[in-house]
file model_27.cif (mmCIF, C-alpha atoms)
data_final
#
loop_
_atom_site.label_atom_id
_atom_site.label_comp_id
_atom_site.auth_asym_id
_atom_site.auth_seq_id
_atom_site.Cartn_x
_atom_site.Cartn_y
_atom_site.Cartn_z
CA MET A 28 28.16 -21.46 25.25
CA ALA A 29 28.43 -21.57 21.48
CA ILE A 30 31.49 -20.03 19.87
CA ALA A 31 29.34 -17.75 17.74
CA GLU A 32 27.65 -16.38 20.86
CA GLN A 33 30.99 -15.76 22.59
CA HIS A 34 32.10 -13.98 19.46
CA SER A 35 28.96 -11.87 19.55
CA GLN A 36 29.49 -10.82 23.14
CA ALA A 37 33.12 -10.04 22.46
CA THR A 38 32.25 -7.70 19.58
CA GLU A 39 29.55 -6.00 21.67
CA ALA A 40 32.10 -5.25 24.36
CA SER A 41 34.65 -3.71 22.00
CA GLY A 42 32.86 -0.36 21.65
CA ASP A 43 32.93 1.53 18.38
CA ARG A 44 34.71 -1.17 16.42
CA SER A 45 31.86 -3.60 17.01
CA TRP A 46 29.77 -4.35 13.92
CA HIS A 47 26.86 -2.35 15.33
CA GLY A 48 29.11 0.56 16.28
CA ILE A 49 30.41 0.69 12.72
CA VAL A 50 26.89 0.54 11.27
CA LEU A 51 25.73 3.37 13.55
CA GLN A 52 28.69 5.59 12.68
CA THR A 53 28.29 4.86 8.96
CA LEU A 54 24.61 5.82 9.08
CA LYS A 55 25.48 9.04 10.86
CA ARG A 56 28.30 9.95 8.51
CA ASN A 57 25.90 9.55 5.59
CA GLU A 58 23.24 11.70 7.27
CA ILE A 59 20.78 8.85 7.63
CA SER A 60 18.74 9.89 10.63
CA LEU A 61 15.42 8.05 10.23
CA VAL A 62 15.66 4.36 11.11
CA PRO A 63 12.40 2.39 11.45
CA TYR A 64 12.76 -1.31 12.17
CA VAL A 65 11.06 -4.58 12.94
CA PRO A 66 13.27 -5.96 15.69
CA ASP A 67 15.57 -8.96 15.64
CA ARG A 68 17.62 -10.49 18.45
CA VAL A 69 20.91 -9.93 16.63
CA LEU A 70 20.06 -6.29 15.87
CA THR A 71 19.28 -5.53 19.54
CA PRO A 72 22.53 -3.71 20.42
CA LEU A 73 22.28 -1.57 17.25
CA ILE A 74 18.63 -0.71 17.95
CA LYS A 75 19.45 0.12 21.58
CA ASN A 76 22.28 2.44 20.60
CA LEU A 77 20.20 4.14 17.88
CA HIS A 78 17.53 4.90 20.50
CA ALA A 79 20.20 6.29 22.83
CA ASP A 80 21.59 8.69 20.21
CA PRO A 81 19.49 11.87 19.72
CA PHE A 82 20.76 12.17 16.12
CA PHE A 83 18.45 9.32 15.16
CA THR A 84 14.67 9.04 14.97
CA THR A 85 14.25 5.32 15.40
CA PHE A 86 11.08 3.36 16.11
CA ALA A 87 9.40 0.01 15.59
CA THR A 88 6.85 -0.52 12.84
CA ALA A 89 4.25 -3.30 12.68
CA ARG A 90 5.50 -4.60 9.32
CA GLU A 91 8.63 -4.18 7.24
CA GLU A 92 6.77 -2.80 4.22
CA GLU A 93 5.36 -0.07 6.45
CA ALA A 94 8.95 0.92 7.29
CA VAL A 95 9.82 0.92 3.57
CA GLY A 96 6.88 3.26 2.91
CA ILE A 97 8.03 5.59 5.68
CA VAL A 98 11.63 5.93 4.52
CA SER A 99 10.47 6.29 0.90
CA GLY A 100 8.22 9.20 1.86
CA ALA A 101 10.96 10.71 3.99
CA TRP A 102 13.48 10.56 1.17
CA MET A 103 11.09 12.34 -1.19
CA GLY A 104 10.71 14.95 1.57
CA GLY A 105 14.47 15.40 1.81
CA ARG A 106 15.36 13.21 4.78
CA ARG A 107 17.41 10.03 4.52
CA GLY A 108 16.43 6.78 6.18
CA ALA A 109 17.29 3.09 6.43
CA VAL A 110 15.24 0.05 7.44
CA LEU A 111 16.41 -2.70 9.80
CA MET A 112 14.86 -6.15 9.59
CA GLN A 113 15.39 -9.88 9.74
CA THR A 114 15.48 -12.34 6.83
CA SER A 115 11.83 -13.37 7.30
CA GLY A 116 10.86 -9.70 7.23
CA PHE A 117 12.60 -9.20 3.91
CA ALA A 118 10.41 -12.02 2.57
CA THR A 119 7.36 -9.74 2.97
CA LEU A 120 8.81 -7.00 0.74
CA ALA A 121 8.64 -8.25 -2.87
CA ASN A 122 5.50 -6.21 -3.62
CA VAL A 123 6.73 -2.90 -2.21
CA LEU A 124 10.15 -3.28 -3.84
CA ALA A 125 8.58 -3.96 -7.24
CA SER A 126 5.86 -1.30 -7.00
CA LEU A 127 7.49 1.52 -5.03
CA ALA A 128 11.24 1.46 -4.43
CA VAL A 129 12.38 0.23 -7.85
CA PRO A 130 9.96 1.93 -10.29
CA TYR A 131 10.04 5.30 -8.47
CA GLN A 132 13.87 5.08 -8.22
CA ILE A 133 14.07 5.46 -4.47
CA PRO A 134 17.42 4.80 -2.73
CA LEU A 135 15.98 2.40 -0.18
CA ILE A 136 18.71 1.26 2.22
CA MET A 137 18.01 -2.05 3.94
CA PHE A 138 20.01 -3.81 6.65
CA VAL A 139 18.95 -7.44 6.91
CA SER A 140 20.06 -9.56 9.84
CA GLU A 141 20.54 -12.95 8.23
CA ARG A 142 18.89 -15.94 9.80
CA GLY A 143 18.42 -19.35 8.26
CA THR A 144 22.05 -20.27 7.70
CA LEU A 145 25.25 -21.21 9.59
CA GLY A 146 23.60 -22.89 12.52
CA GLU A 147 19.90 -22.16 12.06
CA PHE A 148 17.69 -24.23 14.36
CA ASN A 149 14.28 -23.27 12.91
CA TYR A 150 13.44 -25.04 9.64
CA GLY A 151 11.05 -22.25 8.60
CA GLN A 152 13.84 -19.68 8.94
CA SER A 153 16.23 -21.74 6.84
CA LEU A 154 13.62 -22.06 4.08
CA VAL A 155 12.61 -18.40 4.01
CA CYS A 156 16.30 -17.41 3.87
CA ARG A 157 16.58 -19.22 0.54
CA THR A 158 13.99 -16.91 -0.99
CA MET A 159 15.90 -13.70 -0.19
CA ARG A 160 18.68 -13.62 -2.80
CA PRO A 161 16.48 -14.93 -5.66
CA VAL A 162 14.02 -12.08 -4.94
CA LEU A 163 16.85 -9.52 -4.87
CA ASP A 164 18.34 -10.97 -8.07
CA SER A 165 14.98 -11.13 -9.85
CA LEU A 166 14.72 -7.33 -9.52
CA ALA A 167 18.44 -6.88 -10.23
CA LEU A 168 18.85 -5.18 -6.86
CA GLU A 169 22.29 -4.46 -5.48
CA HIS A 170 23.03 -6.59 -2.44
CA HIS A 171 26.05 -7.57 -0.39
CA THR A 172 26.49 -10.24 2.22
CA ILE A 173 28.84 -8.90 4.88
CA THR A 174 30.85 -11.57 6.70
CA ARG A 175 33.95 -9.69 7.91
CA LEU A 176 34.28 -6.85 10.39
CA ASP A 177 37.21 -5.34 8.48
CA GLU A 178 35.07 -5.06 5.31
CA LEU A 179 31.89 -3.78 6.94
CA GLU A 180 32.61 -0.05 6.91
CA PHE A 181 33.83 -0.06 3.31
CA ILE A 182 30.87 -2.05 2.01
CA ALA A 183 28.24 -0.17 4.02
CA ASP A 184 29.62 3.31 3.34
CA ARG A 185 30.17 2.74 -0.38
CA SER A 186 26.82 1.00 -0.81
CA ILE A 187 24.90 3.81 0.87
CA LYS A 188 26.63 6.40 -1.32
CA GLN A 189 25.94 4.31 -4.43
CA ALA A 190 22.27 3.90 -3.51
CA VAL A 191 21.85 7.66 -3.08
CA THR A 192 23.75 8.70 -6.21
CA THR A 193 22.23 6.05 -8.49
CA GLN A 194 18.77 6.29 -6.87
CA ALA A 195 18.56 2.54 -6.48
CA PRO A 196 17.79 0.31 -3.47
CA VAL A 197 20.47 -1.72 -1.74
CA ALA A 198 20.28 -4.63 0.72
CA LEU A 199 23.15 -5.12 3.16
CA ILE A 200 22.89 -8.63 4.56
CA LEU A 201 24.53 -9.01 7.96
CA ASN A 202 25.79 -12.61 8.01
CA PRO A 203 26.28 -14.64 11.23
CA LEU A 204 30.03 -14.62 10.53
CA LEU A 205 29.87 -10.87 11.21
CA THR A 206 27.28 -10.68 13.98
CA GLY A 207 27.49 -14.08 15.67
CA GLY A 208 23.94 -14.75 14.57
CA LYS A 209 21.28 -16.33 16.71
CA VAL A 210 22.01 -19.81 18.05
CA PHE A 211 19.95 -22.52 19.70
CA ASP A 212 20.10 -21.94 23.45
CA LYS A 213 17.07 -23.73 24.88
CA MET B 22 -21.23 -0.43 2.74
CA THR B 23 -21.23 0.40 6.42
CA LYS B 24 -25.00 0.70 6.65
CA ASN B 25 -25.51 -1.24 9.84
CA MET B 26 -22.88 0.47 11.93
CA ASN B 27 -22.98 3.40 14.23
CA THR B 28 -21.51 5.92 11.84
CA ARG B 29 -23.54 8.77 13.32
CA ASN B 30 -25.98 8.96 10.43
CA THR B 31 -23.21 10.05 8.12
CA LYS B 32 -24.21 11.00 4.63
CA VAL B 33 -22.98 8.88 1.72
CA MET B 34 -20.72 11.23 -0.23
CA ASN B 35 -18.71 10.97 -3.45
CA ARG B 36 -14.95 10.46 -3.56
CA PHE B 37 -14.27 12.88 -6.42
CA ASP B 38 -16.44 15.57 -4.87
CA VAL B 39 -14.83 15.20 -1.44
CA THR B 40 -11.32 15.13 -2.95
CA SER B 41 -12.07 18.28 -4.98
CA ARG B 42 -13.28 20.02 -1.82
CA LEU B 43 -10.02 19.10 -0.08
CA ILE B 44 -7.85 20.36 -2.95
CA ALA B 45 -9.80 23.64 -3.09
CA ARG B 46 -8.92 24.30 0.56
CA LEU B 47 -5.15 23.83 0.16
CA LYS B 48 -3.42 27.19 0.16
CA HIS B 49 0.02 26.45 1.58
CA GLU B 50 1.51 23.84 -0.76
CA GLU B 51 0.31 21.01 1.46
CA ALA B 52 1.47 17.55 0.35
CA VAL B 53 -1.17 15.00 -0.67
CA ILE B 54 -0.45 11.28 -0.97
CA GLY B 55 -3.03 9.36 -3.02
CA GLY B 56 -3.46 5.63 -2.28
CA ILE B 57 -3.74 3.14 -5.12
CA GLY B 58 -6.53 2.96 -7.66
CA ASN B 59 -9.62 5.15 -7.46
CA THR B 60 -8.22 7.20 -4.59
CA ASN B 61 -5.39 8.61 -6.67
CA PHE B 62 -7.44 8.63 -9.89
CA ASP B 63 -9.78 11.11 -8.23
CA LEU B 64 -6.84 13.06 -6.81
CA TRP B 65 -5.46 13.31 -10.34
CA ALA B 66 -8.88 14.29 -11.73
CA ALA B 67 -9.26 16.99 -9.07
CA GLY B 68 -6.35 18.79 -10.75
CA HIS B 69 -2.68 17.91 -10.69
CA ARG B 70 -0.50 19.78 -8.22
CA PRO B 71 3.28 19.35 -7.85
CA GLN B 72 2.71 18.48 -4.18
CA ASN B 73 0.62 15.42 -5.10
CA PHE B 74 2.10 11.91 -5.00
CA TYR B 75 0.31 9.08 -6.79
CA MET B 76 0.93 5.46 -5.86
CA LEU B 77 1.00 2.67 -8.44
CA GLY B 78 0.91 -0.32 -6.12
CA SER B 79 1.98 -1.08 -2.55
CA MET B 80 -1.64 -1.28 -1.39
CA GLY B 81 -1.97 0.11 2.13
CA LEU B 82 1.13 2.30 2.17
CA ALA B 83 -0.43 5.75 1.65
CA PHE B 84 -0.34 6.52 5.38
CA PRO B 85 3.23 5.23 5.92
CA ILE B 86 4.50 7.22 2.90
CA ALA B 87 2.70 10.31 4.19
CA LEU B 88 4.19 9.72 7.65
CA GLY B 89 7.66 9.73 6.09
CA VAL B 90 6.97 13.03 4.32
CA ALA B 91 5.55 14.46 7.56
CA LEU B 92 8.66 13.45 9.52
CA ALA B 93 10.94 14.91 6.85
CA GLN B 94 9.06 18.23 6.64
CA PRO B 95 7.44 18.96 10.00
CA ASP B 96 6.44 22.49 8.96
CA ARG B 97 4.34 21.29 6.01
CA ARG B 98 0.85 19.80 6.42
CA VAL B 99 0.65 16.37 4.80
CA PHE B 100 -2.63 14.76 3.73
CA ALA B 101 -3.05 11.10 2.85
CA LEU B 102 -6.04 9.69 0.98
CA GLU B 103 -6.66 5.99 1.49
CA GLY B 104 -9.44 3.52 0.71
CA ASP B 105 -10.97 1.34 3.39
CA GLY B 106 -9.77 -1.85 1.69
CA SER B 107 -6.23 -0.49 1.49
CA LEU B 108 -6.24 0.59 5.12
CA LEU B 109 -7.29 -2.92 6.18
CA MET B 110 -4.00 -4.15 4.69
CA GLN B 111 -1.91 -2.04 7.05
CA LEU B 112 -3.86 -1.34 10.26
CA GLY B 113 -0.62 -1.51 12.28
CA ALA B 114 0.46 1.75 10.65
CA LEU B 115 -2.22 3.56 12.68
CA SER B 116 -0.46 2.63 15.92
CA THR B 117 2.92 3.67 14.53
CA ILE B 118 1.48 7.09 13.65
CA ALA B 119 -0.25 7.37 17.03
CA ALA B 120 3.07 6.61 18.77
CA LEU B 121 5.02 9.22 16.77
CA LYS B 122 2.25 11.88 16.97
CA PRO B 123 3.15 13.93 13.85
CA LYS B 124 0.80 16.88 14.25
CA ASN B 125 1.16 17.81 10.57
CA LEU B 126 -0.39 14.56 9.29
CA ILE B 127 -4.06 14.35 8.29
CA MET B 128 -5.38 10.96 7.17
CA ILE B 129 -8.56 10.65 5.11
CA VAL B 130 -10.26 7.28 4.64
CA MET B 131 -12.71 6.84 1.76
CA ASP B 132 -15.00 4.08 3.00
CA ASN B 133 -17.40 2.39 0.58
CA GLY B 134 -17.06 -1.09 2.08
CA ILE B 135 -16.07 -2.56 -1.27
CA TYR B 136 -13.13 -3.27 -3.51
CA GLN B 137 -14.73 -1.10 -6.18
CA ILE B 138 -11.95 -1.43 -8.75
CA THR B 139 -11.85 -5.22 -8.76
CA GLY B 140 -15.59 -5.72 -9.17
CA ALA B 141 -17.20 -4.21 -6.08
CA GLN B 142 -16.69 -7.22 -3.81
CA PRO B 143 -17.41 -6.36 -0.15
CA THR B 144 -14.38 -6.04 2.13
CA PRO B 145 -14.17 -8.39 5.13
CA ALA B 146 -14.91 -5.35 7.31
CA ALA B 147 -17.99 -4.17 5.42
CA GLY B 148 -20.86 -3.63 7.83
CA ILE B 149 -18.81 -5.12 10.67
CA ALA B 150 -15.85 -2.93 11.58
CA ASP B 151 -15.89 0.79 12.30
CA ILE B 152 -12.79 2.50 10.92
CA VAL B 153 -13.00 5.45 13.30
CA ALA B 154 -13.30 3.10 16.26
CA ILE B 155 -10.27 1.15 14.96
CA ALA B 156 -8.29 4.38 14.59
CA ALA B 157 -9.29 5.60 18.06
CA GLY B 158 -8.44 2.18 19.49
CA SER B 159 -5.06 2.39 17.77
CA GLY B 160 -4.32 5.55 19.74
CA LEU B 161 -5.48 8.20 17.25
CA ALA B 162 -7.83 10.11 19.52
CA ASN B 163 -8.42 12.81 16.91
CA SER B 164 -10.49 10.56 14.61
CA ALA B 165 -14.00 11.30 13.34
CA TRP B 166 -16.60 10.44 10.74
CA ALA B 167 -17.52 13.34 8.48
CA ALA B 168 -21.29 13.76 8.74
CA ASP B 169 -21.58 15.49 5.37
CA GLU B 170 -19.52 17.61 2.97
CA GLU B 171 -19.60 20.70 5.18
CA ASP B 172 -18.53 18.66 8.17
CA PHE B 173 -15.69 17.19 6.08
CA GLU B 174 -14.45 20.68 5.24
CA ARG B 175 -14.71 21.68 8.89
CA LEU B 176 -12.66 18.62 9.94
CA VAL B 177 -10.05 19.41 7.28
CA GLU B 178 -9.80 22.95 8.64
CA GLN B 179 -9.40 21.60 12.18
CA GLY B 180 -6.63 19.28 10.99
CA MET B 181 -4.75 22.25 9.51
CA SER B 182 -4.05 23.61 12.98
CA ALA B 183 -4.31 20.45 15.11
CA SER B 184 -1.65 19.58 17.66
CA ALA B 185 -1.95 15.85 16.98
CA PRO B 186 -2.42 13.70 13.86
CA SER B 187 -6.03 13.49 12.72
CA LEU B 188 -8.08 10.94 10.81
CA ILE B 189 -11.24 11.76 8.90
CA ALA B 190 -13.43 8.91 7.66
CA VAL B 191 -15.87 9.56 4.84
CA ARG B 192 -18.65 7.23 3.74
CA ILE B 193 -18.64 7.26 -0.04
CA ASP B 194 -20.72 5.75 -2.82
CA ASP B 195 -19.68 2.92 -5.14
CA LYS B 196 -18.70 5.11 -8.11
CA PRO B 197 -15.37 4.51 -9.86
CA GLY B 198 -12.70 7.21 -10.06
CA VAL B 199 -13.29 10.05 -12.51
CA GLY B 200 -9.85 10.20 -14.18
CA THR B 201 -6.85 7.97 -14.73
CA THR B 202 -3.44 8.93 -13.37
CA ARG B 203 -0.63 8.95 -15.93
CA ARG B 204 1.46 6.02 -14.73
CA ASP B 205 4.98 7.42 -14.98
CA PRO B 206 6.53 6.69 -11.59
CA VAL B 207 9.85 8.47 -12.06
CA GLN B 208 8.15 11.64 -13.28
CA ILE B 209 5.59 11.47 -10.48
CA ARG B 210 8.34 11.14 -7.87
CA GLU B 211 10.58 13.81 -9.40
CA ARG B 212 7.78 16.35 -9.71
CA PHE B 213 6.69 15.62 -6.16
CA MET B 214 10.24 16.36 -4.95
CA HIS B 215 10.18 19.63 -6.90
CA GLY B 216 6.82 20.42 -5.33
CA LEU B 217 8.24 19.82 -1.86
CA GLY B 218 11.23 22.04 -2.54
CA VAL B 219 13.69 19.18 -2.19
CA ARG B 220 15.01 19.52 -5.74
CA GLU B 221 15.11 22.00 -8.57
CA PRO B 222 14.06 20.93 -12.07
CA LEU B 223 16.95 20.06 -14.40
#
call {"tool": "encode", "arguments": {"input": "model_27.cif", "output": "structure tokens"}}
result
Amino acid sequence: MAIAEQHSQATEASGDRSWHGIVLQTLKRNEISLVPYVPDRVLTPLIKNLHADPFFTTFATAREEEAVGIVSGAWMGGRRGAVLMQTSGFATLANVLASLAVPYQIPLIMFVSERGTLGEFNYGQSLVCRTMRPVLDSLALEHHTITRLDELEFIADRSIKQAVTTQAPVALILNPLLTGGKVFDK
Amino acid sequence: MTKNMNTRNTKVMNRFDVTSRLIARLKHEEAVIGGIGNTNFDLWAAGHRPQNFYMLGSMGLAFPIALGVALAQPDRRVFALEGDGSLLMQLGALSTIAALKPKNLIMIVMDNGIYQITGAQPTPAAGIADIVAIAAGSGLANSAWAADEEDFERLVEQGMSASAPSLIAVRIDDKPGVGTTRRDPVQIRERFMHGLGVREPL
């Protein structure tokens, strides 16, 4: 078994101080109750726990931009949301970021499970990953790559508050150093 | 246009006329999301209301945005106006809405079978696909073609008190939108939030 995978299982077993436990609690503390997603292997424990918690309305969408539309509408209606996705899903979002979230000043909160680096086994994933930060930078969007468990709560909590108060989108990129990532197993 | 399909001998109507009929029936500060291009141009031309939201881009996201509003404000009826070409971009959204079953969401599809605004090119679905059948197959049982203007108004009235999301498809002509929305996204969004009671004006 790969070290990263062992690490992942260890963090899953450690309850609330796991990366996904911290993300869930941070969402709740910031009154983010609507969480549409396009699933990802790494995000599975977070998605499972969101479904198990009645505070959250969480569901799968067919595409990531659909989820962005939903949380944008919800925010205008007074309810906060966040979107969960994988790197390749972020790559489908340039149009909706540039035509909805940014010009309408919507505090879109995105959690992106990062694939394509630190042990990627799929060449397509490693290529699409390289498009993510240039797209974020081209729109001058706030983004943070989270690698350490001890920094996760600070970065996520502060970034959510900044997004809401400045009415600007933010992307929180969950790096394999934090989550264990997805590793070649077959 | 959808001439060769089983659309129950529906009349070819006009987008601005149908949109004006919808707006005239709104008495309870219902939200209306206008999809890109002609759809929101005619919504604008039908008379601006603070509960109207006009999209600038993001083709295909009128229904997802409306779903978000509907989930945030379950006591308010939310209408979404979308073109057939736009809907084809985001057919998966129909299943998402069917799964969540927001009873306060009413979707209206303006179907002329063409990308009118780009030069009236036919959509890939023109004369081939039936939008109501797609919606029903996506799990939206409460989907229907409006036979004529009176039938459209009847379906709108039904949607006002429905216990499940509804979709109304309208065959329309190839006319362009009547007005042009003022493209000021921050003001559009802020006024919409005032209209929904989320914020007070500064």
call {"tool": "resolve_selection", "arguments": {"input": "model_27.cif", "expression": "the PyMOL selection byres ((chain A and resi 113) around 10)", "output": "PyMOL selection string"}}
result
chain A and resi 64-70+91+111-112+114-118+138-142+152+156+200-201
call {"tool": "closest_residue", "arguments": {"input": "model_27.cif", "among": "A:Thr193, A:Thr158, A:Thr119, A:Thr172", "to": "A:Gln132", "atoms": "all atoms listed in the file"}}
result
A:Thr193
call {"tool": "closest_atom_pairs", "arguments": {"input": "model_27.cif", "of": "chain B", "to": "chain A", "cutoff": "8 Å", "atoms": "only C-alpha atoms", "output": "CSV"}}
result
residue,atom,partner,partner_atom,distance
B:Met76,CA,A:Leu127,CA,7.7
B:Leu77,CA,A:Ser126,CA,6.4
B:Gly78,CA,A:Ser126,CA,5.1
B:Ser79,CA,A:Val123,CA,5.1
B:Leu82,CA,A:Gly96,CA,5.9
B:Ala83,CA,A:Gly96,CA,7.8
B:Pro85,CA,A:Ile97,CA,4.8
B:Ile86,CA,A:Gly100,CA,4.3
B:Ala87,CA,A:Gly100,CA,6.1
B:Leu88,CA,A:Ile97,CA,6.0
B:Gly89,CA,A:Ala101,CA,4.0
B:Val90,CA,A:Ala101,CA,4.6
B:Ala91,CA,A:Ala101,CA,7.5
B:Leu92,CA,A:Ala101,CA,6.6
B:Ala93,CA,A:Ala101,CA,5.1
B:Gln94,CA,A:Gly104,CA,6.3
B:Gln111,CA,A:Glu93,CA,7.6
B:Gly113,CA,A:Ala89,CA,5.2
B:Ala114,CA,A:Ala89,CA,6.6
B:Thr117,CA,A:Thr88,CA,6.0
B:Pro206,CA,A:Tyr131,CA,4.9
B:Val207,CA,A:Tyr131,CA,4.8
B:Ile209,CA,A:Tyr131,CA,7.9
B:Arg210,CA,A:Tyr131,CA,6.1
B:Phe213,CA,A:Met103,CA,7.4
B:Met214,CA,A:Met103,CA,5.6
B:Leu217,CA,A:Gly104,CA,6.4
B:Val219,CA,A:Gly105,CA,5.6
call {"tool": "resolve_selection", "arguments": {"input": "model_27.cif", "expression": "the PyMOL selection byres ((chain B and resi 183) around 12)", "output": "PyMOL selection string"}}
result
chain B and resi 98+122-127+162-164+176-182+184-188
call {"tool": "write_last_selection", "arguments": {"input": "model_27.cif", "atoms": "C-alpha atoms", "output": "PDB file, in the frame of the given file"}}
result
ATOM      1  CA  ARG B  98       0.850  19.800   6.420  1.00  0.00           C
ATOM      2  CA  LYS B 122       2.250  11.880  16.970  1.00  0.00           C
ATOM      3  CA  PRO B 123       3.150  13.930  13.850  1.00  0.00           C
ATOM      4  CA  LYS B 124       0.800  16.880  14.250  1.00  0.00           C
ATOM      5  CA  ASN B 125       1.160  17.810  10.570  1.00  0.00           C
ATOM      6  CA  LEU B 126      -0.390  14.560   9.290  1.00  0.00           C
ATOM      7  CA  ILE B 127      -4.060  14.350   8.290  1.00  0.00           C
ATOM      8  CA  ALA B 162      -7.830  10.110  19.520  1.00  0.00           C
ATOM      9  CA  ASN B 163      -8.420  12.810  16.910  1.00  0.00           C
ATOM     10  CA  SER B 164     -10.490  10.560  14.610  1.00  0.00           C
ATOM     11  CA  LEU B 176     -12.660  18.620   9.940  1.00  0.00           C
ATOM     12  CA  VAL B 177     -10.050  19.410   7.280  1.00  0.00           C
ATOM     13  CA  GLU B 178      -9.800  22.950   8.640  1.00  0.00           C
ATOM     14  CA  GLN B 179      -9.400  21.600  12.180  1.00  0.00           C
ATOM     15  CA  GLY B 180      -6.630  19.280  10.990  1.00  0.00           C
ATOM     16  CA  MET B 181      -4.750  22.250   9.510  1.00  0.00           C
ATOM     17  CA  SER B 182      -4.050  23.610  12.980  1.00  0.00           C
ATOM     18  CA  SER B 184      -1.650  19.580  17.660  1.00  0.00           C
ATOM     19  CA  ALA B 185      -1.950  15.850  16.980  1.00  0.00           C
ATOM     20  CA  PRO B 186      -2.420  13.700  13.860  1.00  0.00           C
ATOM     21  CA  SER B 187      -6.030  13.490  12.720  1.00  0.00           C
ATOM     22  CA  LEU B 188      -8.080  10.940  10.810  1.00  0.00           C
TER      23      LEU B 188
END
call {"tool": "residues_around", "arguments": {"input": "model_27.cif", "residues": "A:Leu54", "least_positions_apart": "5", "cutoff": "9 Å", "atoms": "all atoms listed in the file", "output": "ChimeraX atom specification"}}
result
/A:49,59-60,108-109,183-184,187
call {"tool": "write_last_selection", "arguments": {"input": "model_27.cif", "atoms": "C-alpha atoms", "output": "short mmCIF file (atom, residue, chain, number, x, y, z; two decimals), keeping the file's coordinate frame"}}
result
data_model
loop_
_atom_site.label_atom_id
_atom_site.label_comp_id
_atom_site.auth_asym_id
_atom_site.auth_seq_id
_atom_site.Cartn_x
_atom_site.Cartn_y
_atom_site.Cartn_z
CA ILE A 49 30.41 0.69 12.72
CA ILE A 59 20.78 8.85 7.63
CA SER A 60 18.74 9.89 10.63
CA GLY A 108 16.43 6.78 6.18
CA ALA A 109 17.29 3.09 6.43
CA ALA A 183 28.24 -0.17 4.02
CA ASP A 184 29.62 3.31 3.34
CA ILE A 187 24.90 3.81 0.87
#
call {"tool": "atom_distance", "arguments": {"input": "model_27.cif", "atom1": "atom CA of A:Ile173", "atom2": "atom CA of A:Leu154"}}
result
20.1 Å
call {"tool": "atom_distance", "arguments": {"input": "model_27.cif", "atom1": "atom CA of B:Tyr136", "atom2": "atom CA of B:Glu171"}}
result
26.3 Å
call {"tool": "atom_distance", "arguments": {"input": "model_27.cif", "atom1": "atom CA of A:Gln52", "atom2": "atom CA of A:Phe181"}}
result
12.1 Å
call {"tool": "closest_residue", "arguments": {"input": "model_27.cif", "among": "A:Ile136, A:Val110, A:Val62, A:Leu166", "to": "A:Gln189", "atoms": "all atoms listed in the file"}}
result
A:Ile136
call {"tool": "resolve_selection", "arguments": {"input": "model_27.cif", "expression": "the PyMOL selection byres ((chain B and resi 189-204) around 8)", "output": "ChimeraX atom specification"}}
result
/B:23,31-37,58-63,65-66,75,77,127-133,135,137-138,141,152-153,164-168,173,176-177,187-188,205-206
call {"tool": "closest_residue", "arguments": {"input": "model_27.cif", "among": "A:Arg56, A:His171, A:His47, A:Lys188", "to": "A:Asn76", "atoms": "all atoms listed in the file"}}
result
A:His47
call {"tool": "closest_residue", "arguments": {"input": "model_27.cif", "among": "A:Gly146, A:Gly48, A:Gly207, A:Pro161", "to": "A:Leu73", "atoms": "all atoms listed in the file"}}
result
A:Gly48
call {"tool": "axis_aligned_box", "arguments": {"input": "model_27.cif", "around": "stretch 151-163 of chain B", "padding_each_side": "5 Å", "output": "JSON"}}
result
{"center_x": -10.1, "center_y": 6.8, "center_z": 15.3, "size_x": 21.6, "size_y": 22.0, "size_z": 18.8}
call {"tool": "decode", "arguments": {"input": "model_27.cif", "residues": "stretch 81-107 of chain B", "atoms": "C-alpha atoms", "output": "CSV table (one decimal), in the first residue's frame"}}
result
chain,number,residue,atom,x,y,z
B,81,GLY,CA,-27.8,27.0,-20.1
B,82,LEU,CA,-27.8,28.0,-16.5
B,83,ALA,CA,-31.2,29.7,-16.2
B,84,PHE,CA,-32.7,26.6,-14.6
B,85,PRO,CA,-29.8,25.9,-12.2
B,86,ILE,CA,-29.8,29.5,-11.1
B,87,ALA,CA,-33.6,29.4,-10.6
B,88,LEU,CA,-33.2,26.1,-8.7
B,89,GLY,CA,-30.8,27.8,-6.3
B,90,VAL,CA,-33.3,30.6,-5.7
B,91,ALA,CA,-36.0,28.1,-5.2
B,92,LEU,CA,-34.0,26.1,-2.6
B,93,ALA,CA,-33.1,29.4,-0.8
B,94,GLN,CA,-36.7,30.7,-0.7
B,95,PRO,CA,-39.1,27.7,-0.7
B,96,ASP,CA,-42.1,29.9,0.0
B,97,ARG,CA,-41.6,32.0,-3.2
B,98,ARG,CA,-42.6,30.8,-6.6
B,99,VAL,CA,-39.6,30.9,-9.0
B,100,PHE,CA,-40.0,31.0,-12.8
B,101,ALA,CA,-37.1,30.4,-15.3
B,102,LEU,CA,-37.3,31.3,-18.9
B,103,GLU,CA,-34.9,29.4,-21.2
B,104,GLY,CA,-34.4,28.9,-24.9
B,105,ASP,CA,-34.3,25.5,-26.5
B,106,GLY,CA,-30.7,26.0,-27.6
B,107,SER,CA,-29.6,27.0,-24.1
